[in-house]
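J.: Following this line is model_10.cif, made up of mmCIF, C-alpha atoms and all ligand atoms:
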```cif
data_upload
loop_
_atom_site.label_atom_id
_atom_site.label_comp_id
_atom_site.auth_asym_id
_atom_site.auth_seq_id
_atom_site.Cartn_x
_atom_site.Cartn_y
_atom_site.Cartn_z
CA MET A 1 8.21 35.01 -13.20
CA LYS A 2 5.84 37.93 -13.16
CA PHE A 3 8.35 40.79 -13.22
CA LEU A 4 9.74 39.53 -16.49
CA SER A 5 6.59 40.40 -18.35
CA GLU A 6 6.08 43.77 -16.72
CA ARG A 7 9.00 45.62 -18.31
CA PRO A 8 10.16 45.94 -21.92
CA ASN A 9 13.23 44.02 -23.11
CA THR A 10 12.72 41.17 -20.68
CA LEU A 11 12.32 37.54 -21.53
CA LEU A 12 12.09 34.15 -19.90
CA PHE A 13 13.16 31.68 -22.58
CA ILE A 14 12.89 27.90 -22.17
CA PRO A 15 14.67 26.34 -25.15
CA ASP A 16 12.85 22.97 -24.90
CA ASN A 17 9.48 24.58 -24.03
CA CYS A 18 9.18 22.52 -20.84
CA PRO A 19 6.48 24.13 -18.63
CA HIS A 20 8.17 25.92 -15.70
CA GLY A 21 11.46 24.71 -17.16
CA GLU A 22 13.40 27.16 -15.00
CA GLN A 23 12.45 25.19 -11.89
CA ARG A 24 14.78 22.38 -13.00
CA THR A 25 17.81 24.64 -12.44
CA THR A 26 20.74 23.19 -10.51
CA HIS A 27 23.50 25.51 -11.81
CA LEU A 28 22.71 29.21 -12.26
CA CYS A 29 24.89 31.98 -13.67
CA ILE A 30 24.03 35.64 -13.09
CA ALA A 31 25.86 37.90 -15.53
CA ALA A 32 25.80 41.56 -16.47
CA HIS A 33 25.64 41.22 -20.25
CA GLN A 34 24.89 38.82 -23.05
CA ASP A 35 28.01 36.68 -23.68
CA ASP A 36 29.43 37.05 -20.15
CA VAL A 37 27.79 33.75 -19.17
CA GLU A 38 29.54 31.87 -21.97
CA ILE A 39 32.90 33.45 -21.07
CA MET A 40 32.79 32.79 -17.32
CA ALA A 41 30.61 29.71 -16.83
CA TYR A 42 31.52 27.27 -19.57
CA ALA A 43 32.45 24.56 -17.03
CA PRO A 44 28.92 24.28 -15.55
CA ILE A 45 27.38 24.61 -19.04
CA ALA A 46 29.43 21.61 -20.18
CA GLU A 47 28.72 19.73 -16.95
CA CYS A 48 24.97 20.06 -17.45
CA TYR A 49 24.98 19.69 -21.26
CA ASP A 50 24.32 15.99 -21.46
CA CYS A 51 23.26 15.20 -17.92
CA GLY A 52 19.64 14.49 -17.12
CA GLN A 53 20.11 15.35 -13.44
CA LYS A 54 21.86 18.72 -13.87
CA HIS A 55 20.38 21.79 -15.49
CA PHE A 56 22.05 25.08 -16.34
CA MET A 57 20.22 28.42 -16.34
CA ALA A 58 21.60 31.78 -17.51
CA VAL A 59 20.52 35.21 -16.29
CA THR A 60 21.55 38.49 -17.90
CA LEU A 61 20.81 41.61 -15.91
CA THR A 62 21.22 44.39 -18.48
CA ASP A 63 19.56 44.98 -21.84
CA GLY A 64 22.79 45.38 -23.85
CA GLY A 65 21.52 48.65 -25.34
CA GLY A 66 24.65 50.65 -24.65
CA SER A 67 27.06 48.11 -26.10
CA PRO A 68 29.76 49.21 -28.58
CA ARG A 69 29.00 48.65 -32.28
CA THR A 70 31.11 48.69 -35.41
CA GLY A 71 31.19 47.18 -38.90
CA ARG A 72 27.84 46.03 -40.19
CA PHE A 73 26.26 46.84 -36.80
CA ALA A 74 27.56 50.43 -36.73
CA CYS A 75 24.21 51.97 -37.69
CA CYS A 76 22.09 49.96 -35.25
CA THR A 77 19.99 51.99 -32.83
CA ASP A 78 20.03 51.08 -29.13
CA GLU A 79 16.68 49.36 -29.64
CA GLU A 80 17.98 47.28 -32.57
CA MET A 81 21.09 46.41 -30.60
CA ILE A 82 18.96 45.19 -27.68
CA ARG A 83 16.91 42.91 -30.01
CA LEU A 84 20.06 41.61 -31.68
CA ARG A 85 21.81 40.80 -28.43
CA MET A 86 18.70 39.11 -27.05
CA ARG A 87 18.56 36.88 -30.14
CA GLU A 88 22.23 36.02 -29.82
CA GLN A 89 21.81 35.06 -26.17
CA GLN A 90 18.80 32.88 -27.04
CA LYS A 91 20.89 31.12 -29.69
CA ALA A 92 23.56 30.38 -27.07
CA ALA A 93 20.90 29.01 -24.70
CA GLU A 94 19.67 26.63 -27.42
CA LEU A 95 23.15 25.58 -28.44
CA GLY A 96 24.29 25.00 -24.85
CA ARG A 97 21.03 23.22 -23.92
CA TYR A 98 20.32 25.57 -21.04
CA CYS A 99 17.15 24.68 -19.15
CA ALA A 100 16.22 28.38 -19.09
CA LEU A 101 17.42 31.88 -19.86
CA ALA A 102 16.13 35.00 -18.09
CA MET A 103 16.95 38.37 -19.58
CA MET A 104 16.02 40.98 -17.01
CA GLY A 105 16.38 44.04 -19.23
CA HIS A 106 17.67 46.56 -16.70
CA THR A 107 19.79 49.50 -17.75
CA SER A 108 23.41 49.42 -16.78
CA ASN A 109 22.80 52.53 -14.65
CA ALA A 110 20.05 50.81 -12.66
CA VAL A 111 22.41 47.93 -11.84
CA LYS A 112 25.33 50.25 -11.00
CA GLY A 113 23.14 52.68 -9.07
CA GLY A 114 21.86 49.94 -6.78
CA ASP A 115 18.20 50.16 -7.82
CA PRO A 116 16.44 48.04 -5.16
CA ALA A 117 14.22 46.50 -7.87
CA VAL A 118 17.28 44.76 -9.33
CA THR A 119 18.15 43.10 -6.02
CA GLU A 120 14.54 42.21 -5.20
CA GLU A 121 13.97 40.60 -8.61
CA LEU A 122 17.18 38.61 -8.26
CA ALA A 123 16.08 37.36 -4.83
CA GLU A 124 12.70 36.37 -6.32
CA LEU A 125 14.43 34.59 -9.19
CA LEU A 126 16.68 32.70 -6.77
CA LEU A 127 13.67 31.61 -4.73
CA GLN A 128 11.86 30.37 -7.80
CA THR A 129 14.81 28.50 -9.29
CA ARG A 130 16.58 27.33 -6.11
CA PRO A 131 19.97 26.53 -7.71
CA GLN A 132 22.50 24.37 -5.91
CA PHE A 133 25.45 26.21 -7.47
CA LEU A 134 25.61 29.89 -8.32
CA TYR A 135 28.14 31.72 -10.51
CA THR A 136 28.58 35.46 -10.94
CA HIS A 137 31.27 38.06 -11.70
CA ASN A 138 34.24 38.53 -9.39
CA LEU A 139 34.67 41.59 -7.16
CA ALA A 140 38.08 42.40 -8.67
CA ASP A 141 36.73 42.64 -12.25
CA LYS A 142 37.51 46.00 -13.89
CA HIS A 143 34.11 46.53 -15.55
CA ASP A 144 31.81 48.59 -13.30
CA THR A 145 28.64 46.81 -14.43
CA HIS A 146 30.21 43.40 -13.75
CA VAL A 147 31.21 44.37 -10.22
CA ALA A 148 27.79 45.95 -9.62
CA THR A 149 26.15 42.71 -10.81
CA ALA A 150 28.20 40.74 -8.28
CA LEU A 151 27.23 43.19 -5.53
CA ARG A 152 23.50 43.02 -6.37
CA THR A 153 23.76 39.21 -6.42
CA VAL A 154 25.36 39.16 -2.97
CA GLU A 155 22.62 41.49 -1.68
CA ALA A 156 19.93 39.21 -3.13
CA LEU A 157 21.51 36.09 -1.60
CA ARG A 158 21.57 37.79 1.78
CA LEU A 159 17.85 38.60 1.48
CA ILE A 160 16.74 35.00 1.19
CA GLN A 161 16.35 32.51 4.02
CA SER A 162 19.22 30.14 4.62
CA ASP A 163 17.15 27.05 3.70
CA TYR A 164 16.69 28.36 0.16
CA ARG A 165 20.23 29.53 -0.49
CA PRO A 166 22.56 27.90 -3.02
CA GLU A 167 25.12 25.52 -1.52
CA ARG A 168 28.06 27.21 -3.19
CA VAL A 169 28.63 30.65 -4.70
CA TYR A 170 31.52 31.24 -7.09
CA MET A 171 32.87 34.48 -8.55
CA MET A 172 34.32 34.00 -12.03
CA GLU A 173 36.64 35.62 -14.60
CA VAL A 174 35.59 37.94 -17.43
CA TRP A 175 37.19 41.42 -17.53
CA ARG A 176 40.08 40.40 -15.35
CA GLY A 177 41.44 36.94 -14.89
CA LEU A 178 41.91 35.41 -11.44
CA ASP A 179 45.41 34.13 -12.10
CA TRP A 180 46.69 36.56 -9.46
CA LEU A 181 44.85 34.76 -6.64
CA CYS A 182 47.03 32.61 -4.39
CA GLU A 183 46.72 28.93 -5.33
CA GLU A 184 44.81 28.12 -2.13
CA ASP A 185 42.19 30.76 -2.99
CA LYS A 186 41.54 29.42 -6.50
CA ALA A 187 38.54 27.26 -7.28
CA LEU A 188 39.31 25.25 -10.43
CA PHE A 189 36.79 24.58 -13.18
CA ASP A 190 37.63 22.11 -15.93
CA THR A 191 36.71 23.73 -19.25
CA SER A 192 38.29 21.04 -21.46
CA PRO A 193 35.18 18.95 -22.34
CA ARG A 194 33.56 19.50 -25.76
CA PRO A 195 36.01 22.07 -27.20
CA GLN A 196 33.83 22.61 -30.27
CA LEU A 197 30.85 23.57 -28.09
CA ALA A 198 33.07 25.94 -26.08
CA ALA A 199 34.06 27.72 -29.31
CA ASP A 200 30.58 27.68 -30.86
CA LEU A 201 29.04 29.25 -27.75
CA LEU A 202 31.36 32.24 -28.11
CA ASP A 203 30.87 32.50 -31.86
CA VAL A 204 27.12 33.16 -31.64
CA PHE A 205 27.79 36.68 -30.34
CA GLU A 206 28.48 38.12 -33.78
CA SER A 207 27.63 41.68 -32.81
CA GLN A 208 30.45 41.65 -30.24
CA ILE A 209 33.03 40.01 -32.47
CA GLU A 210 32.38 42.38 -35.40
CA GLY A 211 34.38 45.18 -33.79
CA GLY A 212 37.57 43.15 -34.11
CA LYS A 213 37.56 41.86 -30.56
CA SER A 214 38.13 38.14 -30.65
CA TYR A 215 36.41 37.05 -27.46
CA ARG A 216 36.49 33.46 -28.67
CA SER A 217 40.30 33.34 -28.93
CA ALA A 218 40.71 35.41 -25.76
CA ALA A 219 38.41 33.29 -23.59
CA LEU A 220 39.65 29.96 -24.94
CA GLY A 221 43.27 31.16 -24.76
CA ARG A 222 42.93 32.27 -21.15
CA ARG A 223 41.57 28.85 -20.19
CA ILE A 224 44.54 27.12 -21.85
CA ALA A 225 46.97 29.56 -20.19
CA ASN A 226 45.34 28.90 -16.81
CA ALA A 227 45.79 25.15 -17.22
CA THR A 228 49.37 25.45 -18.47
CA PHE A 229 50.61 27.91 -15.86
CA PHE A 230 48.65 26.63 -12.87
CA GLU A 231 51.46 24.74 -11.15
CA SER A 232 54.89 24.38 -12.66
CA HIS A 233 55.20 20.70 -11.74
CA ARG A 234 51.60 19.62 -12.29
CA VAL A 235 51.06 17.57 -15.42
CA ASP A 236 47.73 15.90 -14.82
CA GLY A 237 44.29 17.47 -15.05
CA GLY A 238 42.48 19.35 -17.77
CA SER A 239 44.13 21.15 -20.63
CA SER A 240 41.74 24.08 -20.24
CA LEU A 241 40.80 25.64 -16.93
CA SER A 242 38.73 28.53 -15.60
CA TYR A 243 39.44 30.07 -12.24
CA GLY A 244 36.83 31.06 -9.72
CA LEU A 245 36.78 32.39 -6.21
CA ASP A 246 34.64 30.51 -3.70
CA ALA A 247 32.57 33.28 -2.12
CA THR A 248 30.16 31.06 -0.18
CA ASP A 249 31.45 31.80 3.34
CA PHE A 250 31.68 35.53 2.58
CA VAL A 251 28.18 35.76 1.13
CA TYR A 252 26.62 34.12 4.17
CA SER A 253 28.59 36.21 6.67
CA PRO A 254 28.36 39.86 7.73
CA GLN A 255 31.70 40.56 5.99
CA THR A 256 31.75 43.50 3.55
CA PRO A 257 32.79 42.95 -0.09
CA GLN A 258 35.80 45.21 0.53
CA GLU A 259 36.93 43.04 3.46
CA PHE A 260 36.49 39.82 1.50
CA ILE A 261 38.39 40.80 -1.65
CA GLY A 262 40.83 42.85 0.46
CA GLN A 263 41.89 39.65 2.26
CA CYS A 264 42.54 37.91 -1.07
CA ILE A 265 44.63 40.89 -2.22
CA ALA A 266 46.52 40.88 1.09
CA ARG A 267 47.40 37.20 0.66
CA PHE A 268 48.60 37.91 -2.90
CA ARG A 269 50.70 40.84 -1.66
CA GLU A 270 52.20 38.71 1.08
CA ASP A 271 53.00 35.93 -1.40
CA VAL A 272 54.89 38.32 -3.72
CA LEU A 273 56.72 40.21 -0.97
CA SER A 274 57.70 37.15 1.07
CA ARG A 275 59.23 35.50 -2.02
CA LEU A 276 61.26 38.63 -2.70
CA GLU A 277 62.31 38.72 0.92
CA ARG A 278 63.44 35.09 0.79
CA LEU A 279 65.36 35.49 -2.47
CA SER A 280 66.97 38.88 -1.90
CA ARG A 281 70.56 39.08 -0.76
ZN ZN A 301 30.00 42.04 -19.70
#
```
What is this structure when it is put down as structure tokens?
T.:
Amino acid sequence: MKFLSERPNTLLFIPDNCPHGEQRTTHLCIAAHQDDVEIMAYAPIAECYDCGQKHFMAVTLTDGGGSPRTGRFACCTDEEMIRLRMREQQKAAELGRYCALAMMGHTSNAVKGGDPAVTEELAELLLQTRPQFLYTHNLADKHDTHVATALRTVEALRLIQSDYRPERVYMMEVWRGLDWLCEEDKALFDTSPRPQLAADLLDVFESQIEGGKSYRSAALGRRIANATFFESHRVDGGSSLSYGLDATDFVYSPQTPQEFIGQCIARFREDVLSRLERLSR
């Protein structure tokens, strides 16, 4: 991927050194930052982990330079922070047996500002990797860079010809869970396999944990809560669950992002209000 060598802080990393290893990709996650992939897409990571036919690739759009830092990382410069976060993400790729990792090294402002280069590079990456399943942030996330990443991904998907598009596109949970979605809008992802791997993948991001934020407990805890509170009378299924929103039909339609997520919110609103209506005296 040519563009990856043309800018600083970019990297295409193939953990097993397979030539053109990224072309094996079947499951692709496009995330804003280092560690977002491991929070939102553990289910496909685990699905591909030990399967010769399925291959997981991670993409991070931003360089991680502006990330918060405390403790022993408090004195790191932006440049040092970028190097550190790149190393952590590479470690996760090795640990999770990803077929490839692309770090695209954009600034958060370029992603949020809609720099056309971001969208064009994503479209190029999608054409070169041709994933069957795609995962990105959800449009109701509360982190601007996450939502902007989802928007740039949708733009890129709409640029490429239908023959080359992924079969399914899912929007996943990071800085806002999707528990609020109506049950019929939820796509369920079983995150219960290999619990040690799930924890280890979150533990590699030391620079993020140092500030006292326990992303490991938070991410693992949310998955357990999702499974427990999914349906009051359901007892079967996984003990750990991630929620996603199937955005395939939206992505390949002329619908605006506001219309798409607005309809999900309207169904949620209707669900809450109609229950109150039914139970009020
Ligand atoms: Zn993030």
J.: Quick one: residues within 8 Å of ligand ZN 301 (chain A), with all atoms listed in the file, as a list in words?
T.: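 Protein and nucleic-acid residues within 8 Å of ligand ZN 301 (chain A): Ala31, Ala32, His33, Gln34, Asp35, Asp36, His143, Thr145, His146, Val174 and Trp175 of chain A.
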J.: Would you mind listing what lies within 10 Å of range 259-268 of chain A as a list in words, with all atoms listed in the file counted and same-chain residues fewer than 6 positions away left out?
T.: Asn138, Leu139, Ala140, Trp180, Leu181, Cys182, Glu183, Glu184, Asp185, Leu245, Ala247, Asp249, Phe250, Val251 and Ser274 of chain A
J.: To one decimal place, how far is CA of Phe230 in chain A from CA of Leu151 in chain A in Å?
T.: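 The value is 28.1 Å.
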J.: When distances are computed from all atoms listed in the file, which of A:Glu88, A:Glu124, A:Asp144, A:Asp179 shows the smallest separation from Ser207 in chain A?
T.: A:Glu88
J.: Name the residues within 8 Å of (37.4, 33.1, -14.8), counting only C-alpha atoms in the file's coordinates, and put them as a PyMOL selection string.
T.: chain A and resi 39-41+171-174+176-178+242-244
J.: Pull C-alpha atoms from the residues just selected and write them as an mmCIF file, keeping the file's coordinate frame.
T.:
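Heads up, here's the output in again_27.cif:
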```
data_model
loop_
_atom_site.group_PDB
_atom_site.id
_atom_site.type_symbol
_atom_site.label_atom_id
_atom_site.label_comp_id
_atom_site.auth_asym_id
_atom_site.auth_seq_id
_atom_site.Cartn_x
_atom_site.Cartn_y
_atom_site.Cartn_z
ATOM 1 C CA ILE A 39 32.900 33.450 -21.070
ATOM 2 C CA MET A 40 32.790 32.790 -17.320
ATOM 3 C CA ALA A 41 30.610 29.710 -16.830
ATOM 4 C CA MET A 171 32.870 34.480 -8.550
ATOM 5 C CA MET A 172 34.320 34.000 -12.030
ATOM 6 C CA GLU A 173 36.640 35.620 -14.600
ATOM 7 C CA VAL A 174 35.590 37.940 -17.430
ATOM 8 C CA ARG A 176 40.080 40.400 -15.350
ATOM 9 C CA GLY A 177 41.440 36.940 -14.890
ATOM 10 C CA LEU A 178 41.910 35.410 -11.440
ATOM 11 C CA SER A 242 38.730 28.530 -15.600
ATOM 12 C CA TYR A 243 39.440 30.070 -12.240
ATOM 13 C CA GLY A 244 36.830 31.060 -9.720
#
```
J.: Which is closest to Gln53 in chain A among A:Leu201, A:Leu220, A:Val154, A:Cys99, if we use only C-alpha atoms?
T.: A:Cys99
J.: The residues within 9 Å of (47.0, 28.7, -18.3), using only C-alpha atoms and the coordinates of the file, should be reported as a PDB file with C-alpha atoms, in the frame of the given file; which are they?
T.:
```
ATOM      1  CA  ASP A 179      45.410  34.130 -12.100  1.00  0.00           C
ATOM      2  CA  GLY A 221      43.270  31.160 -24.760  1.00  0.00           C
ATOM      3  CA  ARG A 222      42.930  32.270 -21.150  1.00  0.00           C
ATOM      4  CA  ARG A 223      41.570  28.850 -20.190  1.00  0.00           C
ATOM      5  CA  ILE A 224      44.540  27.120 -21.850  1.00  0.00           C
ATOM      6  CA  ALA A 225      46.970  29.560 -20.190  1.00  0.00           C
ATOM      7  CA  ASN A 226      45.340  28.900 -16.810  1.00  0.00           C
ATOM      8  CA  ALA A 227      45.790  25.150 -17.220  1.00  0.00           C
ATOM      9  CA  THR A 228      49.370  25.450 -18.470  1.00  0.00           C
ATOM     10  CA  PHE A 229      50.610  27.910 -15.860  1.00  0.00           C
ATOM     11  CA  PHE A 230      48.650  26.630 -12.870  1.00  0.00           C
ATOM     12  CA  SER A 239      44.130  21.150 -20.630  1.00  0.00           C
ATOM     13  CA  SER A 240      41.740  24.080 -20.240  1.00  0.00           C
ATOM     14  CA  LEU A 241      40.800  25.640 -16.930  1.00  0.00           C
ATOM     15  CA  SER A 242      38.730  28.530 -15.600  1.00  0.00           C
TER      16      SER A 242
END
```
J.: Record the distance separating CA of Cys48 in chain A and CA of Met1 in chain A, expressed in Å with one decimal.
T.: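 CA of Met1 in chain A lies at a distance of 22.9 Å from CA of Cys48 in chain A.
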J.: Under the rule that only C-alpha atoms are counted, which of A:Gly21, A:Gly113, A:Pro8, A:Gly96 is the nearest residue to Glu38 in chain A?
T.: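 That would be A:Gly96, the residue with the smallest distance to Glu38 in chain A.
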J.: What separation in Å, quoted to one decimal, exists between CA of Ala219 in chain A and CA of Tyr135 in chain A?
T.: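 Computing it gives 16.7 Å between the two atoms.
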J.: For Leu125 in chain A, which residue among A:Arg87, A:Lys112, A:Arg165, A:Arg194 is the nearest when counting only C-alpha atoms?
T.: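 Between A:Arg87, A:Lys112, A:Arg165, A:Arg194, the residue approaching Leu125 in chain A most closely is A:Arg165.
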J.: Considering only C-alpha atoms, can you say which of A:Met103, A:Leu279, A:Leu95, A:Ile30 comes closest to Thr62 in chain A?
T.: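 Checking each candidate against Thr62 in chain A, we get A:Met103 as the closest.
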J.: Skip range 104-110 of chain A itself and residues of its chain fewer than 6 positions away, then list as a PyMOL selection string all residues within 8 Å of it, counting all atoms listed in the file.
T.: chain A and resi 4+7-11+59-65+118+145
J.: Save out the residues we just selected, C-alpha atoms, as an mmCIF file, in the frame of the given file.
T.:
```cif
data_model
loop_
_atom_site.group_PDB
_atom_site.id
_atom_site.type_symbol
_atom_site.label_atom_id
_atom_site.label_comp_id
_atom_site.auth_asym_id
_atom_site.auth_seq_id
_atom_site.Cartn_x
_atom_site.Cartn_y
_atom_site.Cartn_z
ATOM 1 C CA LEU A 4 9.740 39.530 -16.490
ATOM 2 C CA ARG A 7 9.000 45.620 -18.310
ATOM 3 C CA PRO A 8 10.160 45.940 -21.920
ATOM 4 C CA ASN A 9 13.230 44.020 -23.110
ATOM 5 C CA THR A 10 12.720 41.170 -20.680
ATOM 6 C CA LEU A 11 12.320 37.540 -21.530
ATOM 7 C CA VAL A 59 20.520 35.210 -16.290
ATOM 8 C CA THR A 60 21.550 38.490 -17.900
ATOM 9 C CA LEU A 61 20.810 41.610 -15.910
ATOM 10 C CA THR A 62 21.220 44.390 -18.480
ATOM 11 C CA ASP A 63 19.560 44.980 -21.840
ATOM 12 C CA GLY A 64 22.790 45.380 -23.850
ATOM 13 C CA GLY A 65 21.520 48.650 -25.340
ATOM 14 C CA VAL A 118 17.280 44.760 -9.330
ATOM 15 C CA THR A 145 28.640 46.810 -14.430
#
```
J.: Between A:Gln128, A:Gly71, A:Gly238, A:Phe133, which residue has the minimum interatomic distance to Pro195 in chain A, considering all atoms listed in the file?
T.: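 Looking only at the distances to Pro195 in chain A, the closest residue turns out to be A:Gly238.
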J.: May I have the residues within 10 Å of Gln23 in chain A as JSON, numbers by chain, using all atoms listed in the file and disregarding those fewer than 2 positions away in the same chain?
T.: {"A": [18, 19, 20, 21, 25, 26, 55, 57, 99, 100, 125, 127, 128, 129, 130, 131]}
J.: Can you complete the atoms of range 246-255 of chain A to all heavy atoms and list them as a PDB file, keeping the file's coordinate frame?
T.:
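File written: rebuild_3.pdb
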```
ATOM      1  N   ASP A 246      35.760  31.014  -4.488  1.00  0.00           N
ATOM      2  CA  ASP A 246      34.640  30.510  -3.700  1.00  0.00           C
ATOM      3  C   ASP A 246      34.213  31.595  -2.712  1.00  0.00           C
ATOM      4  O   ASP A 246      34.953  31.927  -1.787  1.00  0.00           O
ATOM      5  CB  ASP A 246      35.061  29.231  -2.968  1.00  0.00           C
ATOM      6  CG  ASP A 246      33.874  28.569  -2.274  1.00  0.00           C
ATOM      7  OD1 ASP A 246      32.866  29.265  -1.992  1.00  0.00           O
ATOM      8  OD2 ASP A 246      33.954  27.357  -2.005  1.00  0.00           O
ATOM      9  N   ALA A 247      33.037  32.152  -2.938  1.00  0.00           N
ATOM     10  CA  ALA A 247      32.570  33.280  -2.120  1.00  0.00           C
ATOM     11  C   ALA A 247      31.486  32.854  -1.137  1.00  0.00           C
ATOM     12  O   ALA A 247      30.844  33.699  -0.509  1.00  0.00           O
ATOM     13  CB  ALA A 247      32.048  34.393  -3.027  1.00  0.00           C
ATOM     14  N   THR A 248      31.293  31.548  -0.979  1.00  0.00           N
ATOM     15  CA  THR A 248      30.160  31.060  -0.180  1.00  0.00           C
ATOM     16  C   THR A 248      30.211  31.589   1.267  1.00  0.00           C
ATOM     17  O   THR A 248      29.230  32.161   1.764  1.00  0.00           O
ATOM     18  CB  THR A 248      30.135  29.515  -0.154  1.00  0.00           C
ATOM     19  OG1 THR A 248      30.384  29.032  -1.471  1.00  0.00           O
ATOM     20  CG2 THR A 248      28.803  29.004   0.345  1.00  0.00           C
ATOM     21  N   ASP A 249      31.351  31.392   1.928  1.00  0.00           N
ATOM     22  CA  ASP A 249      31.450  31.800   3.340  1.00  0.00           C
ATOM     23  C   ASP A 249      31.265  33.307   3.496  1.00  0.00           C
ATOM     24  O   ASP A 249      30.622  33.778   4.428  1.00  0.00           O
ATOM     25  CB  ASP A 249      32.800  31.386   3.925  1.00  0.00           C
ATOM     26  CG  ASP A 249      32.889  29.870   4.056  1.00  0.00           C
ATOM     27  OD1 ASP A 249      31.838  29.206   3.980  1.00  0.00           O
ATOM     28  OD2 ASP A 249      34.025  29.357   4.212  1.00  0.00           O
ATOM     29  N   PHE A 250      31.827  34.059   2.538  1.00  0.00           N
ATOM     30  CA  PHE A 250      31.680  35.530   2.580  1.00  0.00           C
ATOM     31  C   PHE A 250      30.217  35.932   2.414  1.00  0.00           C
ATOM     32  O   PHE A 250      29.691  36.731   3.196  1.00  0.00           O
ATOM     33  CB  PHE A 250      32.543  36.163   1.480  1.00  0.00           C
ATOM     34  CG  PHE A 250      31.984  37.435   0.913  1.00  0.00           C
ATOM     35  CD1 PHE A 250      31.836  38.568   1.714  1.00  0.00           C
ATOM     36  CD2 PHE A 250      31.571  37.506  -0.415  1.00  0.00           C
ATOM     37  CE1 PHE A 250      31.296  39.744   1.200  1.00  0.00           C
ATOM     38  CE2 PHE A 250      31.032  38.670  -0.936  1.00  0.00           C
ATOM     39  CZ  PHE A 250      30.883  39.789  -0.131  1.00  0.00           C
ATOM     40  N   VAL A 251      29.563  35.351   1.428  1.00  0.00           N
ATOM     41  CA  VAL A 251      28.180  35.760   1.130  1.00  0.00           C
ATOM     42  C   VAL A 251      27.280  35.543   2.341  1.00  0.00           C
ATOM     43  O   VAL A 251      26.427  36.374   2.645  1.00  0.00           O
ATOM     44  CB  VAL A 251      27.645  34.985  -0.109  1.00  0.00           C
ATOM     45  CG1 VAL A 251      26.147  35.202  -0.272  1.00  0.00           C
ATOM     46  CG2 VAL A 251      28.368  35.429  -1.370  1.00  0.00           C
ATOM     47  N   TYR A 252      27.489  34.437   3.037  1.00  0.00           N
ATOM     48  CA  TYR A 252      26.620  34.120   4.170  1.00  0.00           C
ATOM     49  C   TYR A 252      27.213  34.567   5.505  1.00  0.00           C
ATOM     50  O   TYR A 252      26.987  33.959   6.539  1.00  0.00           O
ATOM     51  CB  TYR A 252      26.305  32.621   4.172  1.00  0.00           C
ATOM     52  CG  TYR A 252      25.669  32.172   2.866  1.00  0.00           C
ATOM     53  CD1 TYR A 252      25.998  30.967   2.274  1.00  0.00           C
ATOM     54  CD2 TYR A 252      24.739  32.986   2.218  1.00  0.00           C
ATOM     55  CE1 TYR A 252      25.417  30.573   1.069  1.00  0.00           C
ATOM     56  CE2 TYR A 252      24.155  32.595   1.020  1.00  0.00           C
ATOM     57  CZ  TYR A 252      24.509  31.402   0.449  1.00  0.00           C
ATOM     58  OH  TYR A 252      23.933  31.015  -0.738  1.00  0.00           O
ATOM     59  N   SER A 253      28.027  35.632   5.449  1.00  0.00           N
ATOM     60  CA  SER A 253      28.590  36.210   6.670  1.00  0.00           C
ATOM     61  C   SER A 253      28.325  37.711   6.647  1.00  0.00           C
ATOM     62  O   SER A 253      27.924  38.235   5.608  1.00  0.00           O
ATOM     63  CB  SER A 253      30.107  35.959   6.713  1.00  0.00           C
ATOM     64  OG  SER A 253      30.758  36.898   5.863  1.00  0.00           O
ATOM     65  N   PRO A 254      28.579  38.395   7.754  1.00  0.00           N
ATOM     66  CA  PRO A 254      28.360  39.860   7.730  1.00  0.00           C
ATOM     67  C   PRO A 254      29.514  40.619   7.079  1.00  0.00           C
ATOM     68  O   PRO A 254      29.496  41.846   7.020  1.00  0.00           O
ATOM     69  CB  PRO A 254      28.253  40.220   9.219  1.00  0.00           C
ATOM     70  CG  PRO A 254      28.561  39.010   9.997  1.00  0.00           C
ATOM     71  CD  PRO A 254      28.925  37.899   9.084  1.00  0.00           C
ATOM     72  N   GLN A 255      30.516  39.918   6.574  1.00  0.00           N
ATOM     73  CA  GLN A 255      31.700  40.560   5.990  1.00  0.00           C
ATOM     74  C   GLN A 255      31.319  41.477   4.818  1.00  0.00           C
ATOM     75  O   GLN A 255      30.411  41.157   4.042  1.00  0.00           O
ATOM     76  CB  GLN A 255      32.607  39.442   5.454  1.00  0.00           C
ATOM     77  CG  GLN A 255      34.059  39.784   5.479  1.00  0.00           C
ATOM     78  CD  GLN A 255      34.924  38.609   5.018  1.00  0.00           C
ATOM     79  OE1 GLN A 255      34.489  37.732   4.282  1.00  0.00           O
ATOM     80  NE2 GLN A 255      36.160  38.615   5.455  1.00  0.00           N
TER      81      GLN A 255
END
```
